[in-house]
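Trainee: What follows is the file work-v9.pdb, containing PDB, C-alpha atoms, pLDDT in the B column:
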ATOM      1  CA  MET A   1      -3.385 -53.021  -6.100  1.00 68.00           C
ATOM      2  CA  GLU A   2      -3.011 -49.353  -7.082  1.00 73.00           C
ATOM      3  CA  ALA A   3       0.738 -49.806  -7.505  1.00 78.00           C
ATOM      4  CA  LYS A   4       0.099 -52.726  -9.834  1.00 73.00           C
ATOM      5  CA  ILE A   5      -2.325 -50.670 -11.957  1.00 76.00           C
ATOM      6  CA  ALA A   6       0.129 -47.750 -12.022  1.00 74.00           C
ATOM      7  CA  LYS A   7       2.878 -50.129 -13.180  1.00 73.00           C
ATOM      8  CA  ILE A   8       0.603 -51.486 -15.955  1.00 74.00           C
ATOM      9  CA  PHE A   9      -0.207 -47.953 -17.167  1.00 70.00           C
ATOM     10  CA  GLN A  10       3.472 -46.989 -17.038  1.00 76.00           C
ATOM     11  CA  THR A  11       4.426 -50.045 -19.092  1.00 77.00           C
ATOM     12  CA  TYR A  12       1.625 -49.256 -21.545  1.00 69.00           C
ATOM     13  CA  ALA A  13       2.740 -45.623 -21.876  1.00 72.00           C
ATOM     14  CA  GLU A  14       6.362 -46.672 -22.452  1.00 77.00           C
ATOM     15  CA  GLY A  15       5.250 -49.179 -25.079  1.00 70.00           C
ATOM     16  CA  MET A  16       3.148 -46.543 -26.872  1.00 67.00           C
ATOM     17  CA  ALA A  17       6.051 -44.081 -26.832  1.00 72.00           C
ATOM     18  CA  ASN A  18       8.305 -46.755 -28.312  1.00 70.00           C
ATOM     19  CA  LEU A  19       5.726 -47.502 -31.033  1.00 66.00           C
ATOM     20  CA  LYS A  20       5.408 -43.799 -31.883  1.00 73.00           C
ATOM     21  CA  LYS A  21       9.195 -43.534 -32.173  1.00 76.00           C
ATOM     22  CA  GLN A  22       9.317 -46.589 -34.458  1.00 74.00           C
ATOM     23  CA  GLU A  23       6.447 -45.209 -36.527  1.00 72.00           C
ATOM     24  CA  SER A  24       8.225 -41.870 -36.905  1.00 71.00           C
ATOM     25  CA  GLU A  25      11.429 -43.594 -38.011  1.00 74.00           C
ATOM     26  CA  LEU A  26       9.468 -45.696 -40.511  1.00 67.00           C
ATOM     27  CA  TRP A  27       7.792 -42.607 -42.006  1.00 69.00           C
ATOM     28  CA  GLN A  28      11.182 -40.919 -42.332  1.00 69.00           C
ATOM     29  CA  LYS A  29      12.548 -43.953 -44.192  1.00 69.00           C
ATOM     30  CA  LEU A  30       9.501 -44.071 -46.473  1.00 66.00           C
ATOM     31  CA  ALA A  31       9.776 -40.353 -47.223  1.00 66.00           C
ATOM     32  CA  PHE A  32      13.452 -40.796 -48.107  1.00 64.00           C
ATOM     33  CA  GLN A  33      12.648 -43.752 -50.377  1.00 64.00           C
ATOM     34  CA  ALA A  34       9.807 -41.844 -52.042  1.00 61.00           C
ATOM     35  CA  GLU A  35      12.096 -38.889 -52.680  1.00 60.00           C
ATOM     36  CA  ASN A  36      14.697 -41.154 -54.270  1.00 60.00           C
ATOM     37  CA  LEU A  37      12.011 -42.922 -56.313  1.00 55.00           C
ATOM     38  CA  SER A  38      10.761 -39.567 -57.506  1.00 48.00           C
ATOM     39  CA  HIS A  39      14.220 -38.763 -58.894  1.00 48.00           C
ATOM     40  CA  GLU A  40      14.460 -42.188 -60.543  1.00 47.00           C
ATOM     41  CA  GLU A  41      11.020 -41.767 -62.119  1.00 48.00           C
ATOM     42  CA  HIS A  42      12.115 -38.697 -63.992  1.00 49.00           C
ATOM     43  CA  GLU A  43      15.008 -40.639 -65.439  1.00 50.00           C
ATOM     44  CA  THR A  44      12.795 -43.625 -66.312  1.00 52.00           C
ATOM     45  CA  PHE A  45       9.976 -41.615 -67.879  1.00 51.00           C
ATOM     46  CA  PRO A  46      11.482 -38.464 -69.311  1.00 53.00           C
ATOM     47  CA  GLU A  47       8.968 -35.878 -70.426  1.00 57.00           C
ATOM     48  CA  VAL A  48       8.732 -35.709 -74.198  1.00 56.00           C
ATOM     49  CA  LYS A  49       7.004 -32.762 -75.794  1.00 60.00           C
ATOM     50  CA  VAL A  50       4.865 -33.611 -78.793  1.00 59.00           C
ATOM     51  CA  ASP A  51       4.610 -31.129 -81.652  1.00 60.00           C
ATOM     52  CA  ARG A  52       1.415 -32.089 -83.498  1.00 56.00           C
ATOM     53  CA  SER A  53       2.352 -30.018 -86.533  1.00 59.00           C
ATOM     54  CA  LYS A  54       5.349 -32.286 -87.216  1.00 60.00           C
ATOM     55  CA  LEU A  55       3.503 -35.591 -86.837  1.00 56.00           C
ATOM     56  CA  LYS A  56       3.010 -37.528 -90.050  1.00 60.00           C
ATOM     57  CA  SER A  57       1.422 -40.580 -88.440  1.00 60.00           C
ATOM     58  CA  PHE A  58       0.467 -41.918 -85.044  1.00 62.00           C
ATOM     59  CA  GLU A  59       3.593 -44.082 -85.064  1.00 67.00           C
ATOM     60  CA  ASP A  60       5.730 -40.919 -85.004  1.00 68.00           C
ATOM     61  CA  LEU A  61       4.644 -40.360 -81.403  1.00 74.00           C
ATOM     62  CA  PRO A  62       6.967 -41.466 -78.614  1.00 77.00           C
ATOM     63  CA  PRO A  63       5.955 -44.821 -77.071  1.00 83.00           C
ATOM     64  CA  VAL A  64       5.043 -43.164 -73.739  1.00 88.00           C
ATOM     65  CA  LEU A  65       3.146 -39.867 -73.524  1.00 89.00           C
ATOM     66  CA  THR A  66       2.384 -37.367 -70.764  1.00 91.00           C
ATOM     67  CA  ALA A  67      -1.148 -36.413 -69.769  1.00 92.00           C
ATOM     68  CA  ASP A  68      -0.581 -32.975 -71.333  1.00 90.00           C
ATOM     69  CA  ASP A  69       0.359 -34.576 -74.645  1.00 89.00           C
ATOM     70  CA  VAL A  70      -2.616 -36.943 -74.612  1.00 91.00           C
ATOM     71  CA  ALA A  71      -5.011 -34.107 -73.795  1.00 91.00           C
ATOM     72  CA  LYS A  72      -3.626 -32.090 -76.707  1.00 88.00           C
ATOM     73  CA  LEU A  73      -3.839 -35.053 -79.066  1.00 87.00           C
ATOM     74  CA  LEU A  74      -7.446 -35.788 -78.111  1.00 88.00           C
ATOM     75  CA  GLY A  75      -8.374 -32.108 -78.140  1.00 89.00           C
ATOM     76  CA  ILE A  76      -9.611 -32.109 -74.541  1.00 92.00           C
ATOM     77  CA  ALA A  77      -8.628 -30.330 -71.351  1.00 93.00           C
ATOM     78  CA  LYS A  78      -6.096 -32.044 -69.112  1.00 92.00           C
ATOM     79  CA  GLU A  79      -8.677 -31.829 -66.306  1.00 93.00           C
ATOM     80  CA  THR A  80     -11.072 -33.914 -68.422  1.00 94.00           C
ATOM     81  CA  LEU A  81      -8.400 -36.573 -68.733  1.00 93.00           C
ATOM     82  CA  ASN A  82      -7.922 -36.462 -64.949  1.00 93.00           C
ATOM     83  CA  VAL A  83     -11.673 -36.971 -64.418  1.00 94.00           C
ATOM     84  CA  TRP A  84     -11.651 -39.889 -66.835  1.00 94.00           C
ATOM     85  CA  ARG A  85      -8.832 -41.505 -64.839  1.00 93.00           C
ATOM     86  CA  VAL A  86     -10.832 -41.166 -61.629  1.00 93.00           C
ATOM     87  CA  ARG A  87     -13.981 -42.587 -63.231  1.00 94.00           C
ATOM     88  CA  GLY A  88     -12.117 -45.301 -65.115  1.00 92.00           C
ATOM     89  CA  ASN A  89     -13.625 -44.480 -68.498  1.00 90.00           C
ATOM     90  CA  GLY A  90     -10.624 -42.970 -70.281  1.00 92.00           C
ATOM     91  CA  PRO A  91      -7.601 -44.547 -71.927  1.00 94.00           C
ATOM     92  CA  GLU A  92      -5.462 -46.963 -69.912  1.00 94.00           C
ATOM     93  CA  TYR A  93      -2.542 -45.301 -68.167  1.00 93.00           C
ATOM     94  CA  ILE A  94       0.671 -46.085 -66.320  1.00 92.00           C
ATOM     95  CA  LYS A  95       1.198 -44.768 -62.804  1.00 89.00           C
ATOM     96  CA  VAL A  96       4.659 -44.747 -61.274  1.00 86.00           C
ATOM     97  CA  GLY A  97       4.693 -42.864 -58.014  1.00 87.00           C
ATOM     98  CA  ARG A  98       2.959 -39.595 -58.808  1.00 87.00           C
ATOM     99  CA  LEU A  99       3.765 -39.698 -62.505  1.00 90.00           C
ATOM    100  CA  VAL A 100       1.018 -40.551 -64.964  1.00 91.00           C
ATOM    101  CA  ARG A 101       1.964 -41.701 -68.438  1.00 92.00           C
ATOM    102  CA  TYR A 102       0.034 -43.187 -71.340  1.00 92.00           C
ATOM    103  CA  LYS A 103       1.220 -45.789 -73.813  1.00 91.00           C
ATOM    104  CA  ARG A 104       0.861 -44.667 -77.403  1.00 88.00           C
ATOM    105  CA  ASP A 105      -0.843 -47.971 -78.267  1.00 89.00           C
ATOM    106  CA  ALA A 106      -3.331 -47.584 -75.375  1.00 90.00           C
ATOM    107  CA  ILE A 107      -4.372 -44.199 -76.771  1.00 89.00           C
ATOM    108  CA  LEU A 108      -4.835 -45.707 -80.225  1.00 88.00           C
ATOM    109  CA  ASP A 109      -6.896 -48.575 -78.761  1.00 88.00           C
ATOM    110  CA  TYR A 110      -9.037 -46.100 -76.837  1.00 89.00           C
ATOM    111  CA  VAL A 111      -9.698 -43.944 -79.883  1.00 86.00           C
ATOM    112  CA  GLU A 112     -10.499 -46.957 -82.071  1.00 86.00           C
ATOM    113  CA  GLY A 113     -12.853 -48.275 -79.385  1.00 86.00           C
ATOM    114  CA  ARG A 114     -14.800 -44.992 -79.475  1.00 83.00           C
ATOM    115  CA  VAL A 115     -15.624 -45.209 -83.191  1.00 85.00           C
ATOM    116  CA  LYS A 116     -19.411 -45.380 -83.709  1.00 84.00           C
ATOM    117  CA  LYS A 117     -21.510 -45.755 -86.844  1.00 84.00           C
ATOM    118  CA  HIS A 118     -24.682 -44.213 -85.398  1.00 83.00           C
ATOM    119  CA  THR A 119     -25.953 -42.645 -82.190  1.00 83.00           C
ATOM    120  CA  SER A 120     -27.773 -45.749 -80.939  1.00 82.00           C
ATOM    121  CA  GLN A 121     -24.417 -47.427 -80.306  1.00 67.00           C
ATOM    122  CA  TYR A 122     -23.801 -45.410 -77.132  1.00 62.00           C
TER     123      TYR A 122
END
Turn the structure described in the file into structure tokens.
Mentor:
Amino acid sequence: MEAKIAKIFQTYAEGMANLKKQESELWQKLAFQAENLSHEEHETFPEVKVDRSKLKSFEDLPPVLTADDVAKLLGIAKETLNVWRVRGNGPEYIKVGRLVRYKRDAILDYVEGRVKKHTSQY
């Protein structure tokens, strides 16, 4: 009976070791894919610096903006924008991997949605 139990535990231990090896290989593959995706993201969403002094209208903005640009445009700290994203009460955003971008039109919609005529509208 003891030999049978020992054999069961040995089989279990071998199975767990095999699972850990497979898990490790899977994490390595995912890390490699994430690294490659990260490089592709930068090509897909290049960072565009916005110079507010040269803007004549909202349409002059690039179609996709960085969080830094949006914070500058709204006159708030980037950290405030981050908090809004967490709480879900800021402008809509795009998330690709770790990159956060905002559509120009989503910023306009957000700003227009915040227009109030009097304080009782909050």
Trainee: Can you sort out the box for region 92-111 of chain A, edges along x, y and z, all listed atoms in, 5 Å on every side, with centre and edge lengths in Å to one decimal, as JSON?
Mentor:
{"center_x": -2.5, "center_y": -44.1, "center_z": -69.1, "size_x": 24.4, "size_y": 19.0, "size_z": 32.2}
Trainee: Could you check which residues have any atom within 7 Å of (0.5, -41.7, -72.2), counting only C-alpha atoms with coordinates taken straight from the file, and then list them as a tab-separated table (two decimals) with C-alpha atoms, in the frame of the given file?
Mentor:
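Here's the written file point-v5.tsv:
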chain	number	residue	atom	x	y	z
A	64	VAL	CA	5.04	-43.16	-73.74
A	65	LEU	CA	3.15	-39.87	-73.52
A	66	THR	CA	2.38	-37.37	-70.76
A	67	ALA	CA	-1.15	-36.41	-69.77
A	70	VAL	CA	-2.62	-36.94	-74.61
A	93	TYR	CA	-2.54	-45.30	-68.17
A	101	ARG	CA	1.96	-41.70	-68.44
A	102	TYR	CA	0.03	-43.19	-71.34
A	103	LYS	CA	1.22	-45.79	-73.81
A	104	ARG	CA	0.86	-44.67	-77.40
Trainee: What is the distance between CA of Asn89 (chain A) and CA of Ala77 (chain A), in Å to one decimal?
Mentor: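 Between CA of Asn89 (chain A) and CA of Ala77 (chain A) the gap is 15.3 Å.
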